[in-house]
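Pasting data.cif here (mmCIF, N, CA and C atoms):
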```cif
data_data
loop_
_atom_site.group_PDB
_atom_site.id
_atom_site.type_symbol
_atom_site.label_atom_id
_atom_site.label_comp_id
_atom_site.auth_asym_id
_atom_site.auth_seq_id
_atom_site.Cartn_x
_atom_site.Cartn_y
_atom_site.Cartn_z
ATOM 1 N N MET A 1 107.272 107.390 97.473
ATOM 2 C CA MET A 1 107.250 108.116 98.713
ATOM 3 C C MET A 1 108.657 108.154 99.295
ATOM 4 N N SER A 2 108.991 109.224 99.926
ATOM 5 C CA SER A 2 110.329 109.398 100.502
ATOM 6 C C SER A 2 110.379 108.839 101.920
ATOM 7 N N ARG A 3 111.572 108.754 102.453
ATOM 8 C CA ARG A 3 111.724 108.289 103.837
ATOM 9 C C ARG A 3 111.019 109.251 104.797
ATOM 10 N N ALA A 4 110.997 110.541 104.486
ATOM 11 C CA ALA A 4 110.292 111.508 105.331
ATOM 12 C C ALA A 4 108.794 111.183 105.375
ATOM 13 N N TRP A 5 108.226 110.792 104.235
ATOM 14 C CA TRP A 5 106.816 110.426 104.198
ATOM 15 C C TRP A 5 106.583 109.148 105.003
ATOM 16 N N ILE A 6 107.513 108.204 104.894
ATOM 17 C CA ILE A 6 107.407 106.961 105.665
ATOM 18 C C ILE A 6 107.417 107.280 107.156
ATOM 19 N N ARG A 7 108.292 108.186 107.562
ATOM 20 C CA ARG A 7 108.343 108.577 108.979
ATOM 21 C C ARG A 7 107.037 109.210 109.410
ATOM 22 N N GLU A 8 106.446 110.031 108.542
ATOM 23 C CA GLU A 8 105.175 110.671 108.877
ATOM 24 C C GLU A 8 104.060 109.627 108.986
ATOM 25 N N LEU A 9 104.028 108.673 108.066
ATOM 26 C CA LEU A 9 103.021 107.611 108.079
ATOM 27 C C LEU A 9 103.127 106.754 109.335
ATOM 28 N N THR A 10 104.349 106.363 109.675
ATOM 29 C CA THR A 10 104.548 105.399 110.757
ATOM 30 C C THR A 10 104.782 106.026 112.123
ATOM 31 N N GLY A 11 105.205 107.272 112.145
ATOM 32 C CA GLY A 11 105.569 107.902 113.412
ATOM 33 C C GLY A 11 106.949 107.497 113.883
ATOM 34 N N ALA A 12 107.708 106.833 113.007
ATOM 35 C CA ALA A 12 109.045 106.347 113.367
ATOM 36 C C ALA A 12 110.057 107.491 113.391
ATOM 37 N N SER A 13 111.066 107.323 114.212
ATOM 38 C CA SER A 13 112.165 108.284 114.248
ATOM 39 C C SER A 13 113.023 108.105 112.994
ATOM 40 N N ALA A 14 113.888 109.065 112.738
ATOM 41 C CA ALA A 14 114.802 108.953 111.600
ATOM 42 C C ALA A 14 115.702 107.731 111.756
ATOM 43 N N ALA A 15 116.138 107.456 112.983
ATOM 44 C CA ALA A 15 117.005 106.308 113.234
ATOM 45 C C ALA A 15 116.273 104.993 112.969
ATOM 46 N N MET A 16 115.018 104.903 113.372
ATOM 47 C CA MET A 16 114.252 103.673 113.147
ATOM 48 C C MET A 16 114.001 103.460 111.658
ATOM 49 N N ALA A 17 113.641 104.498 110.948
ATOM 50 C CA ALA A 17 113.411 104.373 109.507
ATOM 51 C C ALA A 17 114.685 103.932 108.800
ATOM 52 N N ALA A 18 115.818 104.469 109.192
ATOM 53 C CA ALA A 18 117.096 104.057 108.611
ATOM 54 C C ALA A 18 117.415 102.610 108.976
ATOM 55 N N ARG A 19 117.106 102.208 110.199
ATOM 56 C CA ARG A 19 117.353 100.832 110.640
ATOM 57 C C ARG A 19 116.505 99.842 109.848
ATOM 58 N N TRP A 20 115.224 100.162 109.629
ATOM 59 C CA TRP A 20 114.363 99.282 108.837
ATOM 60 C C TRP A 20 114.981 99.021 107.472
ATOM 61 N N ASP A 21 115.464 100.090 106.858
ATOM 62 C CA ASP A 21 116.046 99.973 105.523
ATOM 63 C C ASP A 21 117.375 99.215 105.563
ATOM 64 N N ALA A 22 118.230 99.538 106.502
ATOM 65 C CA ALA A 22 119.559 98.924 106.588
ATOM 66 C C ALA A 22 119.491 97.434 106.944
ATOM 67 N N GLN A 23 118.525 97.054 107.754
ATOM 68 C CA GLN A 23 118.440 95.671 108.218
ATOM 69 C C GLN A 23 117.361 94.870 107.498
ATOM 70 N N ARG A 24 116.940 95.340 106.342
ATOM 71 C CA ARG A 24 115.820 94.703 105.640
ATOM 72 C C ARG A 24 116.077 93.239 105.333
ATOM 73 N N HIS A 25 117.306 92.876 105.005
ATOM 74 C CA HIS A 25 117.597 91.495 104.626
ATOM 75 C C HIS A 25 117.660 90.553 105.837
ATOM 76 N N GLN A 26 117.646 91.100 107.032
ATOM 77 C CA GLN A 26 117.657 90.290 108.243
ATOM 78 C C GLN A 26 116.244 89.974 108.724
ATOM 79 N N GLN A 27 115.250 90.566 108.087
ATOM 80 C CA GLN A 27 113.863 90.383 108.497
ATOM 81 C C GLN A 27 113.191 89.300 107.658
ATOM 82 N N PRO A 28 112.143 88.677 108.196
ATOM 83 C CA PRO A 28 111.375 87.721 107.393
ATOM 84 C C PRO A 28 110.831 88.423 106.146
ATOM 85 N N GLU A 29 110.700 87.692 105.078
ATOM 86 C CA GLU A 29 110.324 88.292 103.797
ATOM 87 C C GLU A 29 109.049 89.125 103.866
ATOM 88 N N GLY A 30 108.057 88.701 104.590
ATOM 89 C CA GLY A 30 106.810 89.446 104.678
ATOM 90 C C GLY A 30 106.890 90.729 105.471
ATOM 91 N N ARG A 31 107.987 90.911 106.209
ATOM 92 C CA ARG A 31 108.120 92.096 107.049
ATOM 93 C C ARG A 31 109.344 92.939 106.680
ATOM 94 N N ARG A 32 109.863 92.751 105.481
ATOM 95 C CA ARG A 32 111.025 93.529 105.047
ATOM 96 C C ARG A 32 110.628 94.904 104.550
ATOM 97 N N HIS A 33 111.445 95.865 104.884
ATOM 98 C CA HIS A 33 111.266 97.213 104.366
ATOM 99 C C HIS A 33 111.454 97.168 102.857
ATOM 100 N N PRO A 34 110.633 97.866 102.093
ATOM 101 C CA PRO A 34 110.767 97.845 100.634
ATOM 102 C C PRO A 34 112.107 98.411 100.160
ATOM 103 N N GLU A 35 112.504 97.982 98.987
ATOM 104 C CA GLU A 35 113.731 98.500 98.389
ATOM 105 C C GLU A 35 113.468 99.865 97.761
ATOM 106 N N VAL A 36 114.521 100.615 97.587
ATOM 107 C CA VAL A 36 114.458 101.910 96.907
ATOM 108 C C VAL A 36 114.081 101.672 95.450
ATOM 109 N N VAL A 37 113.114 102.443 94.944
ATOM 110 C CA VAL A 37 112.742 102.304 93.532
ATOM 111 C C VAL A 37 113.410 103.351 92.666
ATOM 112 N N CYS A 38 113.748 104.497 93.239
ATOM 113 C CA CYS A 38 114.512 105.502 92.502
ATOM 114 C C CYS A 38 115.132 106.490 93.479
ATOM 115 N N THR A 39 116.139 107.185 92.996
ATOM 116 C CA THR A 39 116.818 108.201 93.795
ATOM 117 C C THR A 39 116.879 109.474 92.973
ATOM 118 N N VAL A 40 116.482 110.575 93.588
ATOM 119 C CA VAL A 40 116.554 111.882 92.947
ATOM 120 C C VAL A 40 117.440 112.742 93.829
ATOM 121 N N GLY A 41 118.584 113.122 93.304
ATOM 122 C CA GLY A 41 119.564 113.805 94.143
ATOM 123 C C GLY A 41 120.038 112.822 95.193
ATOM 124 N N ARG A 42 119.827 113.173 96.437
ATOM 125 C CA ARG A 42 120.205 112.269 97.534
ATOM 126 C C ARG A 42 118.996 111.659 98.230
ATOM 127 N N ILE A 43 117.811 111.878 97.665
ATOM 128 C CA ILE A 43 116.583 111.404 98.298
ATOM 129 C C ILE A 43 116.144 110.091 97.658
ATOM 130 N N HIS A 44 115.957 109.069 98.499
ATOM 131 C CA HIS A 44 115.486 107.775 98.044
ATOM 132 C C HIS A 44 113.959 107.759 98.079
ATOM 133 N N TYR A 45 113.382 107.120 97.079
ATOM 134 C CA TYR A 45 111.930 106.976 97.010
ATOM 135 C C TYR A 45 111.564 105.507 96.975
ATOM 136 N N PHE A 46 110.429 105.188 97.612
ATOM 137 C CA PHE A 46 109.958 103.825 97.756
ATOM 138 C C PHE A 46 108.551 103.724 97.181
ATOM 139 N N ASP A 47 108.174 102.515 96.770
ATOM 140 C CA ASP A 47 106.835 102.270 96.251
ATOM 141 C C ASP A 47 105.815 102.399 97.383
ATOM 142 N N GLN A 48 104.788 103.211 97.182
ATOM 143 C CA GLN A 48 103.820 103.475 98.240
ATOM 144 C C GLN A 48 103.082 102.214 98.678
ATOM 145 N N GLN A 49 102.624 101.394 97.741
ATOM 146 C CA GLN A 49 101.904 100.181 98.119
ATOM 147 C C GLN A 49 102.796 99.227 98.899
ATOM 148 N N ALA A 50 104.068 99.140 98.512
ATOM 149 C CA ALA A 50 105.002 98.265 99.225
ATOM 150 C C ALA A 50 105.233 98.768 100.649
ATOM 151 N N VAL A 51 105.336 100.081 100.808
ATOM 152 C CA VAL A 51 105.534 100.651 102.149
ATOM 153 C C VAL A 51 104.300 100.415 103.015
ATOM 154 N N GLU A 52 103.126 100.631 102.456
ATOM 155 C CA GLU A 52 101.903 100.416 103.238
ATOM 156 C C GLU A 52 101.746 98.947 103.629
ATOM 157 N N ALA A 53 102.114 98.029 102.734
ATOM 158 C CA ALA A 53 102.059 96.600 103.065
ATOM 159 C C ALA A 53 103.079 96.260 104.148
ATOM 160 N N PHE A 54 104.289 96.830 104.051
ATOM 161 C CA PHE A 54 105.315 96.637 105.076
ATOM 162 C C PHE A 54 104.801 97.128 106.425
ATOM 163 N N TRP A 55 104.230 98.306 106.447
ATOM 164 C CA TRP A 55 103.783 98.892 107.705
ATOM 165 C C TRP A 55 102.638 98.071 108.315
ATOM 166 N N ALA A 56 101.716 97.596 107.499
ATOM 167 C CA ALA A 56 100.627 96.763 108.010
ATOM 168 C C ALA A 56 101.173 95.471 108.606
ATOM 169 N N ALA A 57 102.128 94.841 107.939
ATOM 170 C CA ALA A 57 102.727 93.603 108.444
ATOM 171 C C ALA A 57 103.498 93.874 109.726
ATOM 172 N N TRP A 58 104.226 94.973 109.770
ATOM 173 C CA TRP A 58 105.002 95.342 110.960
ATOM 174 C C TRP A 58 104.071 95.535 112.158
ATOM 175 N N GLN A 59 102.995 96.262 111.945
ATOM 176 C CA GLN A 59 102.053 96.501 113.032
ATOM 177 C C GLN A 59 101.430 95.199 113.511
ATOM 178 N N GLN A 60 101.103 94.310 112.607
ATOM 179 C CA GLN A 60 100.479 93.047 112.987
ATOM 180 C C GLN A 60 101.458 92.168 113.762
ATOM 181 N N ASP A 61 102.701 92.095 113.309
ATOM 182 C CA ASP A 61 103.693 91.209 113.933
ATOM 183 C C ASP A 61 104.326 91.813 115.174
ATOM 184 N N ILE A 62 104.630 93.085 115.135
ATOM 185 C CA ILE A 62 105.385 93.734 116.219
ATOM 186 C C ILE A 62 104.490 94.587 117.107
ATOM 187 N N GLY A 63 103.512 95.209 116.522
ATOM 188 C CA GLY A 63 102.659 96.138 117.258
ATOM 189 C C GLY A 63 103.125 97.561 117.033
ATOM 190 N N THR A 64 102.432 98.494 117.627
ATOM 191 C CA THR A 64 102.751 99.897 117.418
ATOM 192 C C THR A 64 103.556 100.489 118.551
ATOM 193 N N GLY A 65 103.939 99.681 119.522
ATOM 194 C CA GLY A 65 104.787 100.163 120.607
ATOM 195 C C GLY A 65 103.996 100.814 121.675
#
```

Kindly present the structure from the file in structure tokens form.
Amino acid sequence: MSRAWIRELTGASAAMAARWDAQRHQQPEGRRHPEVVCTVGRIHYFDQQAVEAFWAAWQQDIGTG
């Protein structure tokens, strides 16, 4: 799934989605944004199950705002 799909799933802004990815190593392991699994052109793709697990953990720990 692309970052655009992640934004659609989570409702996050482009800046927030970029922040999750950029600051992933500063987060607890269970709440880290997944790593890129492949890049096609300039578009990064992430594992769907990893993103859904990240989002569930984020919602549980942080809430939906």

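Those residues that approach Tyr45 (chain A) to within 9 Å, counting only C-alpha atoms, are Met1, Ser2, Arg3, Glu35, Val36, Val37, Cys38, Thr39, Val40 and Gln48 of chain A; same-chain residues fewer than 3 positions away are not listed.
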
**Message:** Translate the PyMOL selection byres (((chain A and resi 6-14 and name CA) around 12) and name CA) into a concrete residue list for this structure, as an MDAnalysis selection string.
**Reply:** chainID A and resid 1:5 15:21 33:34 44:56 58:59 63:65

**Asked** Residues of region 24-59 of chain A in strand (DSSP E) according to DSSP, as a PyMOL selection string?
**Response** chain A and resi 36-40+43-46

**Message:** Run DSSP on the backbone and tell me which residues of region 14-53 of chain A come out as alpha helix (DSSP H); list them as a list in words.
**Reply:**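 Result set for region 14-53 of chain A (alpha helix (DSSP H)): Ala14, Ala15, Met16, Ala17, Ala18, Arg19, Trp20, Asp21, Ala22, Gln48, Gln49, Ala50, Val51, Glu52 and Ala53 of chain A.
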
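Here CA of Ile43 (chain A) is placed at a distance of 20.9 Å from CA of His25 (chain A).
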
**Prompt:** Could you spell out the hits of the PyMOL selection byres (((chain A and resi 30 and name CA) around 8) and name CA) on the shown file, as a list in words?
**Reply:** Pro28, Glu29, Arg31, Arg32, Phe54 and Ala57 of chain A
